[in-house]
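Accompanying notes for the structure given below.
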Amino acid sequence: MSHEIAVAVSLGLAAVVLAVAGLAAYFARLSRRQTSLAAHWREEAMARDQALRSLVADGLGAVASSVQMPQPAAVEFDVPDCLAGSGFVADLCVLGERYAADLQQVQSETALATRRAVEDEAREAARAAVKSFATAMVSVGIDVSGEISRALRRHHDSAVFETLAGIDHGVQQMLHQAQSYVVLAGGLLGQRLPASPLTEVVGAAQGAIRDYARVQPYTCDRAVISRMVGPLKLILSHLLDNAARYSPPKSFIEVSSQPGHHGVTLLIDDAGKRMSDEQLTRARQILEGHRQVDILAMDAYPKVGFPVIALLARRYGIEVALSGRPSRYGGMRASVFIPEALLTSVSAEPAEPQPSVVEAPPERLVTESGLPSRRRRAPGGRQRPAAAGRASTEPGRAEVIGAWQQSSRSSRETAAQTQEARSSDS
């Protein structure tokens, strides 16, 4: 019995020894495998670090260096053999491509913002230069205009009157252009004129254009408030100038008005060439403020009429429109609506006595604005003066050229005195 027990114990011990030996062998193999995996992981980690450093130093660095070139460099970096085709490398490639795309986008946005900033600075500098020069010309023109007005009063009955009248007309055209550029550059007209009847405002606008004699005289018993005299004169002078420029030289331009409950509408009709649909659309877009005029993109001979009209109309609440239908004479029709808030029933100060003018021929009259007009025949062959007769197409006499100035002389002198006061204050 004891022998059997000994054998059993021996067998048990042998089994235990075998089990321990097996476990030892297993754990030895496991340890070697873990050691090998750890070495592989260390190698892979080192390889990943190397690939990442290569991406940052070589791939992204090359892209950043070549971003100013038309075709930036592609993202390229060294990849260890153990990482070839791995997901980690694929992720690095995606990261590099996104970096390159973001860098190009940032570069484009920065370049665009810089270009816009430079253009804005250039535009502001150009606008300031134009405004400064035009304002100086307006100031000089107002001073010269005042001197000429006083000289016209002193020499109205002498041979000098003809020369002074011609110079006066030229000065008014210069003021028309200079004031237009002041407005286009964002400035104000700066003249403080007294409230004036619409008749005088239209006459002053008529006198600021070259072909003033072709504008039919206009009369109205309404007046505009003080701050609207200068802007409305400039708006009307541009519309009259356009009508005269684009109509036959022997035709006339008619100015009429339509009073209404909410204001007065001035209508300007010509017999000239009509705008094409494209030109009319563009002009309406400018007048409605949908198309801005860039002062840096203007032509060598810029057309500033509609831009100036649009700026003044929006600033003072006037509505200017171009009709799509022909005028009564087959040409263009422009309308200027003046709200009731800008009108007044108070007339301007009485005009000074006008100098005597040479008597007109029997078939011609000199209107209140100093322009020659034709007689209108009444039924039965009798002749009667036309209150709003059509202007003669013949060149105006030298003695009459300056007559349109008489009604607004006090306004001009007031503006000149205001300008002198401003100059002394500065």
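Letters A, B, ... mark the chains of the structure tokens in the order given; residue numbers begin at 1 per chain; ligand numbers begin at 1, in order shown.
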All strand (DSSP E or B) positions in stretch 155-378 of chain A, as an NGL selection string: :A and (196-197 or 215 or 223-224 or 253-259 or 263-269 or 319-322 or 333-339 or 343-344 or 364-366 or 372-374 or 376-377)
Give me, as a CSV table (one decimal) with N, CA and C atoms, in the first residue's frame, all polymer residues having an atom no more than 7 Å from A:Lys273, counting only C-alpha atoms and skipping those fewer than 3 positions away in the same chain.
chain,number,residue,atom,x,y,z
A,246,TYR,N,-27.1,116.2,-77.4
A,246,TYR,CA,-27.5,115.1,-78.1
A,246,TYR,C,-28.8,115.4,-78.9
A,247,SER,N,-28.9,116.7,-79.3
A,247,SER,CA,-30.1,117.0,-80.2
A,247,SER,C,-29.5,117.9,-81.3
A,331,GLY,N,-37.7,113.1,-79.1
A,331,GLY,CA,-36.4,112.9,-78.4
A,331,GLY,C,-36.6,112.3,-77.0
Could you pull the residues within 10 Å of A:Gly260, counting only C-alpha atoms, minus those fewer than 4 positions along the same chain, as number ranges by chain? A: 264-265, 337-340
At a cut-off of 9 Å, using only C-alpha atoms, what residues contact stretch 169-182 of chain A? Leave out same-chain residues fewer than 5 positions from it and give the result as a PDB file with C-alpha atoms, in the first residue's frame.
ATOM      1  CA  VAL A 130     -10.190 115.881 -56.853  1.00  0.00           C
ATOM      2  CA  LYS A 131     -12.275 117.409 -54.076  1.00  0.00           C
ATOM      3  CA  SER A 132      -9.481 119.740 -52.993  1.00  0.00           C
ATOM      4  CA  PHE A 133      -8.744 120.917 -56.526  1.00  0.00           C
ATOM      5  CA  ALA A 134     -12.401 121.282 -57.511  1.00  0.00           C
ATOM      6  CA  THR A 135     -13.238 123.134 -54.284  1.00  0.00           C
ATOM      7  CA  ALA A 136     -10.404 125.561 -54.955  1.00  0.00           C
ATOM      8  CA  MET A 137     -11.707 126.110 -58.477  1.00  0.00           C
ATOM      9  CA  VAL A 138     -15.219 126.723 -57.146  1.00  0.00           C
ATOM     10  CA  SER A 139     -13.892 129.254 -54.654  1.00  0.00           C
ATOM     11  CA  GLY A 141     -14.873 130.909 -59.747  1.00  0.00           C
ATOM     12  CA  ILE A 142     -17.275 132.393 -57.196  1.00  0.00           C
ATOM     13  CA  VAL A 144     -14.364 135.945 -60.199  1.00  0.00           C
ATOM     14  CA  SER A 145     -18.103 135.683 -60.826  1.00  0.00           C
ATOM     15  CA  LEU A 164     -17.498 140.880 -69.662  1.00  0.00           C
ATOM     16  CA  GLY A 187     -18.140 117.126 -51.084  1.00  0.00           C
ATOM     17  CA  LEU A 188     -20.843 119.734 -50.655  1.00  0.00           C
ATOM     18  CA  LEU A 189     -21.440 122.654 -52.963  1.00  0.00           C
ATOM     19  CA  ALA A 204     -29.191 130.020 -63.830  1.00  0.00           C
ATOM     20  CA  ALA A 205     -28.923 126.366 -64.908  1.00  0.00           C
ATOM     21  CA  GLY A 207     -26.708 130.003 -68.243  1.00  0.00           C
ATOM     22  CA  ALA A 208     -24.239 127.323 -67.105  1.00  0.00           C
ATOM     23  CA  ILE A 209     -24.339 125.408 -70.407  1.00  0.00           C
ATOM     24  CA  ARG A 210     -22.742 126.241 -73.716  1.00  0.00           C
ATOM     25  CA  LEU A 234     -26.568 121.775 -60.939  1.00  0.00           C
ATOM     26  CA  SER A 237     -27.773 122.270 -65.863  1.00  0.00           C
ATOM     27  CA  HIS A 238     -26.587 118.683 -66.458  1.00  0.00           C
ATOM     28  CA  VAL A 304     -20.121 112.795 -64.777  1.00  0.00           C
ATOM     29  CA  GLY A 305     -23.626 114.117 -65.444  1.00  0.00           C
ATOM     30  CA  VAL A 308     -23.625 113.828 -60.071  1.00  0.00           C
ATOM     31  CA  ILE A 309     -27.393 114.001 -60.564  1.00  0.00           C
ATOM     32  CA  ILE A 401     -25.372 136.766 -73.158  1.00  0.00           C
ATOM     33  CA  GLY A 402     -24.955 138.151 -69.669  1.00  0.00           C
ATOM     34  CA  GLN A 405     -27.081 136.680 -64.833  1.00  0.00           C
TER      35      GLN A 405
END
6 Å contact set for stretch 325-329 of chain A, only C-alpha atoms, chain neighbours under 2 positions out, as number ranges by chain: A: 269, 271, 323, 331-333
Produce a file of the selected residues containing N, CA and C atoms, as an mmCIF file, in the first residue's frame.
data_model
loop_
_atom_site.group_PDB
_atom_site.id
_atom_site.type_symbol
_atom_site.label_atom_id
_atom_site.label_comp_id
_atom_site.auth_asym_id
_atom_site.auth_seq_id
_atom_site.Cartn_x
_atom_site.Cartn_y
_atom_site.Cartn_z
ATOM 1 N N ASP A 269 -37.825 118.373 -72.321
ATOM 2 C CA ASP A 269 -38.051 117.647 -73.577
ATOM 3 C C ASP A 269 -37.101 118.162 -74.642
ATOM 4 N N ALA A 271 -35.510 117.238 -78.893
ATOM 5 C CA ALA A 271 -35.819 116.588 -80.169
ATOM 6 C C ALA A 271 -34.616 115.827 -80.684
ATOM 7 N N SER A 323 -37.684 109.077 -69.180
ATOM 8 C CA SER A 323 -38.846 108.396 -69.732
ATOM 9 C C SER A 323 -38.425 107.409 -70.812
ATOM 10 N N GLY A 331 -37.659 113.120 -79.060
ATOM 11 C CA GLY A 331 -36.385 112.900 -78.396
ATOM 12 C C GLY A 331 -36.562 112.291 -77.019
ATOM 13 N N MET A 332 -35.720 112.729 -76.076
ATOM 14 C CA MET A 332 -35.750 112.221 -74.714
ATOM 15 C C MET A 332 -36.543 113.168 -73.822
ATOM 16 N N ARG A 333 -37.110 112.605 -72.778
ATOM 17 C CA ARG A 333 -37.781 113.405 -71.750
ATOM 18 C C ARG A 333 -37.201 113.028 -70.387
#
